[in-house]
$ cat my_file_9.txt   # compact mmCIF, N, CA and C atoms
# COMPACT_ATOMS: atom_id res chain seq x y z
N MET A 1 0.85 -1.17 0.00
CA MET A 1 0.00 0.00 0.00
C MET A 1 0.89 1.24 0.00
N THR A 2 0.58 2.18 -0.85
CA THR A 2 1.40 3.39 -0.94
C THR A 2 0.91 4.44 0.03
N LYS A 3 1.82 5.24 0.50
CA LYS A 3 1.50 6.33 1.41
C LYS A 3 0.91 7.47 0.59
N SER A 4 -0.20 8.06 1.09
CA SER A 4 -0.81 9.16 0.35
C SER A 4 0.08 10.40 0.42
N VAL A 5 0.05 11.16 -0.63
CA VAL A 5 0.84 12.38 -0.71
C VAL A 5 -0.08 13.57 -0.48
N ALA A 6 0.34 14.49 0.39
CA ALA A 6 -0.48 15.66 0.71
C ALA A 6 -0.62 16.55 -0.51
N ASP A 7 -1.86 16.90 -0.83
CA ASP A 7 -2.16 17.79 -1.95
C ASP A 7 -1.93 19.24 -1.52
N PRO A 8 -1.15 20.02 -2.27
CA PRO A 8 -0.90 21.41 -1.87
C PRO A 8 -2.16 22.26 -1.81
N ALA A 9 -3.19 21.91 -2.60
CA ALA A 9 -4.44 22.68 -2.61
C ALA A 9 -5.31 22.36 -1.41
N GLY A 10 -5.05 21.25 -0.74
CA GLY A 10 -5.83 20.88 0.43
C GLY A 10 -6.88 19.83 0.12
N LYS A 11 -7.55 19.40 1.18
CA LYS A 11 -8.58 18.37 1.08
C LYS A 11 -9.80 18.84 1.86
N VAL A 12 -10.99 18.70 1.26
CA VAL A 12 -12.24 19.11 1.90
C VAL A 12 -12.99 17.86 2.37
N PHE A 13 -13.49 17.92 3.61
CA PHE A 13 -14.28 16.84 4.18
C PHE A 13 -15.67 17.36 4.53
N ARG A 14 -16.66 16.48 4.42
CA ARG A 14 -18.04 16.81 4.76
C ARG A 14 -18.39 16.16 6.08
N GLY A 15 -19.04 16.90 6.96
CA GLY A 15 -19.43 16.37 8.26
C GLY A 15 -20.26 17.39 9.01
N GLY A 16 -20.16 17.40 10.31
CA GLY A 16 -20.84 18.38 11.14
C GLY A 16 -19.81 19.24 11.86
N ILE A 17 -20.22 20.44 12.27
CA ILE A 17 -19.29 21.33 12.97
C ILE A 17 -19.94 21.90 14.22
N ASN A 18 -19.11 22.27 15.17
CA ASN A 18 -19.50 23.01 16.36
C ASN A 18 -18.33 23.93 16.67
N LEU A 19 -18.55 25.23 16.50
CA LEU A 19 -17.48 26.22 16.60
C LEU A 19 -17.80 27.30 17.61
N PRO A 20 -16.79 27.86 18.28
CA PRO A 20 -17.05 29.03 19.12
C PRO A 20 -17.40 30.22 18.24
N ARG A 21 -18.35 31.00 18.68
CA ARG A 21 -18.76 32.19 17.93
C ARG A 21 -17.97 33.39 18.47
N PRO A 22 -17.17 34.02 17.61
CA PRO A 22 -16.38 35.16 18.09
C PRO A 22 -17.24 36.36 18.46
N ARG A 23 -18.38 36.51 17.81
CA ARG A 23 -19.29 37.62 18.06
C ARG A 23 -20.57 37.03 18.62
N ARG A 24 -20.80 37.18 19.90
CA ARG A 24 -21.94 36.53 20.54
C ARG A 24 -23.25 37.24 20.19
N MET A 25 -24.25 36.43 19.90
CA MET A 25 -25.58 36.94 19.60
C MET A 25 -26.55 36.36 20.62
N LEU A 26 -26.95 37.16 21.59
CA LEU A 26 -27.87 36.74 22.64
C LEU A 26 -27.43 35.43 23.27
N TRP A 27 -28.16 34.35 23.10
CA TRP A 27 -27.85 33.08 23.73
C TRP A 27 -26.93 32.20 22.90
N GLN A 28 -26.65 32.57 21.68
CA GLN A 28 -25.85 31.72 20.79
C GLN A 28 -24.36 31.96 21.02
N HIS A 29 -23.72 31.04 21.71
CA HIS A 29 -22.29 31.15 21.98
C HIS A 29 -21.45 30.29 21.04
N ARG A 30 -22.12 29.38 20.32
CA ARG A 30 -21.43 28.49 19.40
C ARG A 30 -22.23 28.36 18.12
N ILE A 31 -21.53 28.06 17.04
CA ILE A 31 -22.15 27.77 15.75
C ILE A 31 -22.23 26.26 15.62
N ASN A 32 -23.39 25.76 15.23
CA ASN A 32 -23.57 24.32 15.12
C ASN A 32 -24.23 24.00 13.78
N ALA A 33 -23.67 23.04 13.05
CA ALA A 33 -24.27 22.54 11.81
C ALA A 33 -24.13 21.03 11.82
N THR A 34 -25.21 20.34 11.61
CA THR A 34 -25.21 18.89 11.67
C THR A 34 -24.63 18.27 10.40
N ILE A 35 -24.29 17.00 10.48
CA ILE A 35 -23.83 16.26 9.30
C ILE A 35 -24.98 16.26 8.31
N PRO A 36 -24.83 16.57 7.09
CA PRO A 36 -23.65 16.80 6.27
C PRO A 36 -23.43 18.27 5.92
N LEU A 37 -23.89 19.20 6.76
CA LEU A 37 -23.85 20.62 6.40
C LEU A 37 -22.56 21.33 6.79
N GLY A 38 -21.67 20.66 7.50
CA GLY A 38 -20.39 21.25 7.88
C GLY A 38 -19.29 20.85 6.91
N ARG A 39 -18.29 21.70 6.80
CA ARG A 39 -17.14 21.42 5.93
C ARG A 39 -15.85 21.70 6.69
N LEU A 40 -14.83 20.91 6.37
CA LEU A 40 -13.48 21.08 6.91
C LEU A 40 -12.52 21.06 5.74
N LEU A 41 -11.74 22.12 5.58
CA LEU A 41 -10.68 22.19 4.57
C LEU A 41 -9.35 22.08 5.30
N VAL A 42 -8.56 21.08 4.94
CA VAL A 42 -7.24 20.87 5.53
C VAL A 42 -6.20 21.22 4.48
N THR A 43 -5.33 22.19 4.78
CA THR A 43 -4.21 22.54 3.90
C THR A 43 -2.92 22.43 4.70
N LYS A 44 -1.80 22.65 4.05
CA LYS A 44 -0.52 22.55 4.75
C LYS A 44 -0.33 23.67 5.78
N ASP A 45 -1.06 24.78 5.63
CA ASP A 45 -0.88 25.92 6.52
C ASP A 45 -1.97 26.10 7.56
N SER A 46 -3.20 25.63 7.27
CA SER A 46 -4.31 25.91 8.18
C SER A 46 -5.48 24.96 7.99
N LEU A 47 -6.39 25.03 8.95
CA LEU A 47 -7.68 24.34 8.88
C LEU A 47 -8.75 25.40 8.73
N THR A 48 -9.75 25.14 7.93
CA THR A 48 -10.88 26.05 7.80
C THR A 48 -12.16 25.25 7.98
N LEU A 49 -13.03 25.73 8.87
CA LEU A 49 -14.32 25.08 9.12
C LEU A 49 -15.43 26.05 8.78
N TRP A 50 -16.50 25.56 8.16
CA TRP A 50 -17.65 26.40 7.84
C TRP A 50 -18.87 25.52 7.61
N ALA A 51 -20.03 26.16 7.53
CA ALA A 51 -21.28 25.46 7.22
C ALA A 51 -21.78 25.94 5.87
N ILE A 52 -22.39 25.02 5.13
CA ILE A 52 -22.95 25.41 3.83
C ILE A 52 -24.41 25.81 4.02
N GLY A 53 -24.87 26.72 3.21
CA GLY A 53 -26.27 27.13 3.24
C GLY A 53 -26.55 28.15 4.32
N ASP A 54 -27.20 29.24 3.93
CA ASP A 54 -27.54 30.29 4.89
C ASP A 54 -28.60 29.86 5.88
N PHE A 55 -29.40 28.85 5.52
CA PHE A 55 -30.48 28.43 6.42
C PHE A 55 -29.96 27.79 7.69
N THR A 56 -28.71 27.33 7.70
CA THR A 56 -28.18 26.68 8.90
C THR A 56 -27.82 27.68 9.98
N LEU A 57 -27.39 28.86 9.59
CA LEU A 57 -26.90 29.83 10.57
C LEU A 57 -27.64 31.16 10.54
N GLY A 58 -28.51 31.36 9.58
CA GLY A 58 -29.12 32.66 9.39
C GLY A 58 -28.35 33.44 8.35
N THR A 59 -29.00 34.35 7.68
CA THR A 59 -28.39 35.02 6.53
C THR A 59 -27.24 35.94 6.91
N ASP A 60 -27.24 36.50 8.12
CA ASP A 60 -26.18 37.46 8.47
C ASP A 60 -25.09 36.85 9.34
N THR A 61 -25.11 35.54 9.58
CA THR A 61 -24.14 34.96 10.49
C THR A 61 -23.18 33.98 9.81
N TYR A 62 -23.22 33.90 8.49
CA TYR A 62 -22.35 32.98 7.77
C TYR A 62 -20.90 33.38 7.99
N GLN A 63 -20.07 32.44 8.36
CA GLN A 63 -18.66 32.75 8.57
C GLN A 63 -17.83 31.49 8.46
N ARG A 64 -16.56 31.69 8.23
CA ARG A 64 -15.58 30.61 8.21
C ARG A 64 -14.63 30.84 9.37
N VAL A 65 -14.20 29.75 9.98
CA VAL A 65 -13.22 29.83 11.05
C VAL A 65 -11.95 29.17 10.54
N THR A 66 -10.86 29.93 10.54
CA THR A 66 -9.57 29.42 10.07
C THR A 66 -8.61 29.36 11.25
N ILE A 67 -7.93 28.22 11.37
CA ILE A 67 -6.98 28.01 12.45
C ILE A 67 -5.63 27.66 11.83
N ALA A 68 -4.59 28.40 12.19
CA ALA A 68 -3.25 28.14 11.67
C ALA A 68 -2.71 26.81 12.19
N ARG A 69 -1.96 26.12 11.36
CA ARG A 69 -1.40 24.82 11.75
C ARG A 69 -0.53 24.94 12.99
N SER A 70 0.21 26.03 13.11
CA SER A 70 1.11 26.20 14.24
C SER A 70 0.36 26.41 15.56
N ASP A 71 -0.92 26.80 15.51
CA ASP A 71 -1.70 27.10 16.71
C ASP A 71 -2.62 25.99 17.17
N VAL A 72 -2.73 24.90 16.43
CA VAL A 72 -3.76 23.90 16.71
C VAL A 72 -3.17 22.58 17.21
N VAL A 73 -3.90 21.97 18.13
CA VAL A 73 -3.62 20.60 18.57
C VAL A 73 -4.89 19.80 18.30
N VAL A 74 -4.75 18.68 17.62
CA VAL A 74 -5.90 17.87 17.20
C VAL A 74 -6.06 16.68 18.14
N SER A 75 -7.29 16.45 18.59
CA SER A 75 -7.61 15.30 19.44
C SER A 75 -8.81 14.57 18.85
N ARG A 76 -8.82 13.25 19.01
CA ARG A 76 -10.01 12.49 18.63
C ARG A 76 -11.04 12.62 19.73
N VAL A 77 -12.31 12.66 19.34
CA VAL A 77 -13.41 12.76 20.29
C VAL A 77 -14.33 11.58 20.04
N HIS A 78 -14.65 10.86 21.11
CA HIS A 78 -15.54 9.71 21.01
C HIS A 78 -16.73 9.93 21.93
N GLY A 79 -17.91 9.70 21.41
CA GLY A 79 -19.12 9.78 22.21
C GLY A 79 -20.02 8.60 21.90
N ILE A 80 -21.17 8.56 22.52
CA ILE A 80 -22.09 7.45 22.31
C ILE A 80 -22.59 7.43 20.87
N LEU A 81 -23.01 8.55 20.36
CA LEU A 81 -23.58 8.62 19.02
C LEU A 81 -22.71 9.36 18.01
N ARG A 82 -21.48 9.67 18.38
CA ARG A 82 -20.68 10.48 17.48
C ARG A 82 -19.20 10.12 17.56
N LYS A 83 -18.51 10.42 16.48
CA LYS A 83 -17.05 10.33 16.40
C LYS A 83 -16.60 11.60 15.71
N GLY A 84 -15.44 12.07 16.08
CA GLY A 84 -14.97 13.27 15.42
C GLY A 84 -13.62 13.70 15.94
N LEU A 85 -13.35 14.99 15.68
CA LEU A 85 -12.07 15.58 16.04
C LEU A 85 -12.30 16.90 16.75
N ALA A 86 -11.45 17.19 17.71
CA ALA A 86 -11.46 18.47 18.40
C ALA A 86 -10.20 19.22 18.00
N PHE A 87 -10.36 20.48 17.62
CA PHE A 87 -9.24 21.33 17.25
C PHE A 87 -9.09 22.40 18.33
N CYS A 88 -8.07 22.28 19.16
CA CYS A 88 -7.85 23.20 20.27
C CYS A 88 -6.85 24.27 19.86
N ASP A 89 -7.25 25.54 20.04
CA ASP A 89 -6.36 26.65 19.75
C ASP A 89 -6.60 27.75 20.77
N LYS A 90 -6.05 28.95 20.53
CA LYS A 90 -6.17 30.06 21.47
C LYS A 90 -7.61 30.53 21.65
N GLN A 91 -8.44 30.38 20.62
CA GLN A 91 -9.82 30.87 20.66
C GLN A 91 -10.78 29.92 21.35
N GLY A 92 -10.36 28.68 21.57
CA GLY A 92 -11.24 27.70 22.19
C GLY A 92 -11.14 26.37 21.46
N VAL A 93 -12.19 25.58 21.56
CA VAL A 93 -12.22 24.26 20.94
C VAL A 93 -13.27 24.25 19.84
N SER A 94 -12.87 23.80 18.66
CA SER A 94 -13.79 23.61 17.54
C SER A 94 -13.90 22.13 17.27
N TYR A 95 -15.11 21.68 16.95
CA TYR A 95 -15.35 20.26 16.72
C TYR A 95 -15.76 20.01 15.28
N PHE A 96 -15.30 18.87 14.74
CA PHE A 96 -15.73 18.40 13.43
C PHE A 96 -16.19 16.96 13.60
N TRP A 97 -17.45 16.68 13.28
CA TRP A 97 -18.04 15.35 13.44
C TRP A 97 -18.11 14.67 12.08
N THR A 98 -17.76 13.41 12.05
CA THR A 98 -17.76 12.66 10.80
C THR A 98 -17.97 11.18 11.09
N TYR A 99 -18.45 10.45 10.10
CA TYR A 99 -18.59 9.00 10.25
C TYR A 99 -17.27 8.29 9.98
N ARG A 100 -16.31 8.98 9.38
CA ARG A 100 -15.02 8.37 9.04
C ARG A 100 -13.85 9.25 9.52
N PRO A 101 -13.63 9.35 10.83
CA PRO A 101 -12.55 10.21 11.31
C PRO A 101 -11.16 9.73 10.92
N LYS A 102 -11.02 8.43 10.64
CA LYS A 102 -9.70 7.90 10.29
C LYS A 102 -9.17 8.56 9.02
N ARG A 103 -10.03 8.79 8.04
CA ARG A 103 -9.61 9.46 6.79
C ARG A 103 -9.09 10.87 7.07
N VAL A 104 -9.78 11.58 7.94
CA VAL A 104 -9.36 12.95 8.26
C VAL A 104 -8.03 12.92 9.02
N VAL A 105 -7.88 11.99 9.95
CA VAL A 105 -6.64 11.88 10.73
C VAL A 105 -5.46 11.57 9.82
N GLU A 106 -5.66 10.71 8.83
CA GLU A 106 -4.58 10.39 7.89
C GLU A 106 -4.12 11.62 7.13
N VAL A 107 -5.06 12.45 6.67
CA VAL A 107 -4.69 13.67 5.94
C VAL A 107 -3.99 14.65 6.88
N LEU A 108 -4.50 14.80 8.10
CA LEU A 108 -3.84 15.68 9.07
C LEU A 108 -2.42 15.23 9.35
N ALA A 109 -2.21 13.93 9.46
CA ALA A 109 -0.86 13.39 9.69
C ALA A 109 0.04 13.66 8.48
N ASP A 110 -0.50 13.53 7.27
CA ASP A 110 0.29 13.84 6.07
C ASP A 110 0.77 15.28 6.05
N TYR A 111 -0.07 16.19 6.55
CA TYR A 111 0.30 17.60 6.58
C TYR A 111 1.11 17.99 7.81
N GLY A 112 1.29 17.09 8.78
CA GLY A 112 2.14 17.36 9.93
C GLY A 112 1.46 18.08 11.08
N TYR A 113 0.16 17.91 11.26
CA TYR A 113 -0.54 18.53 12.39
C TYR A 113 -0.22 17.79 13.68
N ARG A 114 -0.18 18.52 14.80
CA ARG A 114 0.10 17.93 16.10
C ARG A 114 -1.15 17.20 16.61
N MET A 115 -0.95 15.95 17.02
CA MET A 115 -2.04 15.13 17.52
C MET A 115 -1.85 14.92 19.02
N ALA A 116 -2.97 14.91 19.76
CA ALA A 116 -2.95 14.68 21.20
C ALA A 116 -3.73 13.40 21.50
N GLU A 117 -3.80 13.05 22.76
CA GLU A 117 -4.57 11.88 23.19
C GLU A 117 -6.05 12.11 22.94
N PRO A 118 -6.82 11.04 22.75
CA PRO A 118 -8.28 11.19 22.55
C PRO A 118 -8.95 11.85 23.74
N LEU A 119 -9.93 12.69 23.47
CA LEU A 119 -10.74 13.29 24.52
C LEU A 119 -11.90 12.36 24.83
N ALA A 120 -12.29 12.30 26.07
CA ALA A 120 -13.41 11.42 26.47
C ALA A 120 -14.73 11.99 26.03

$ encode --input "my_file_9.txt" --output "C-alpha cells"
Amino acid sequence: MTKSVADPAGKVFRGGINLPRPRRMLWQHRINATIPLGRLLVTKDSLTLWAIGDFTLGTDTYQRVTIARSDVVVSRVHGILRKGLAFCDKQGVSYFWTYRPKRVVEVLADYGYRMAEPLA
C-alpha cells in the first residue's frame, strides 16, 4: 500500500461542525451545523471550518473559522452517538463530526498537524 501524498491545494471533508462564535448573539455562543452541512478544509498551513447554506446559521451569520497549523492541537473525540475531532487553539475548541474520522486523521498526519490523546 502506498503512502498518500499531501495535496498542496488541500482536502475538503463533509461532516458536522460546532465552533465558538467570536461575536456573541444573545444566547448563541457556538455555531452548530449537523452532518452533512459542515465542511473542513485541511491545507498545509491551516484548517478552515464552515457550514454550507444560509439556512443553517441565518443570513447574516455565515462565517468561516480558520486556524493556523502552528496554533492547533488535534484530538479524537468519542461519544455514544458520534465520532470526530477536536481542534484546540487560542480561541477555544472547535469540533468536526464525521462518520469516518480515520480518513481525516490520515490527511492531518500527512500535513504534519500535532495530535494529542483522545478526549473522552

$ closest_residue --input "my_file_9.txt" --among "A:Ala68, A:Leu85, A:Leu40, A:Val73" --to "A:Thr98" --atoms "only N, CA and C atoms"
A:Leu85

$ closest_residue --input "my_file_9.txt" --among "A:Val72, A:Arg103, A:Ile17, A:Glu117" --to "A:Asn32" --atoms "only C-alpha atoms"
A:Ile17

$ atom_distance --input "my_file_9.txt" --atom1 "atom C of A:Val107" --atom2 "atom C of A:Gly10"
9.0 Å

$ residues_around --input "my_file_9.txt" --residues "A:Arg39" --least-positions-apart "6" --cutoff "7 Å" --atoms "only C-alpha atoms" --output "ChimeraX atom specification"
/A:12-15,49-51

$ residues_around --input "my_file_9.txt" --residues "stretch 75-81 of chain A" --least-positions-apart "3" --cutoff "10 Å" --atoms "only C-alpha atoms" --output "list in words"
Val72, Gly84, Leu85, Ala86, Phe87, Cys88, Tyr95, Phe96, Trp97, Pro101, Lys102, Val105, Arg114, Met115, Ala116, Glu117, Pro118, Leu119 and Ala120 of chain A

$ atom_distance --input "my_file_9.txt" --atom1 "atom CA of A:Thr34" --atom2 "atom CA of A:Gly16"
4.4 Å

$ atom_distance --input "my_file_9.txt" --atom1 "atom CA of A:Arg30" --atom2 "atom CA of A:Ala9"
28.4 Å
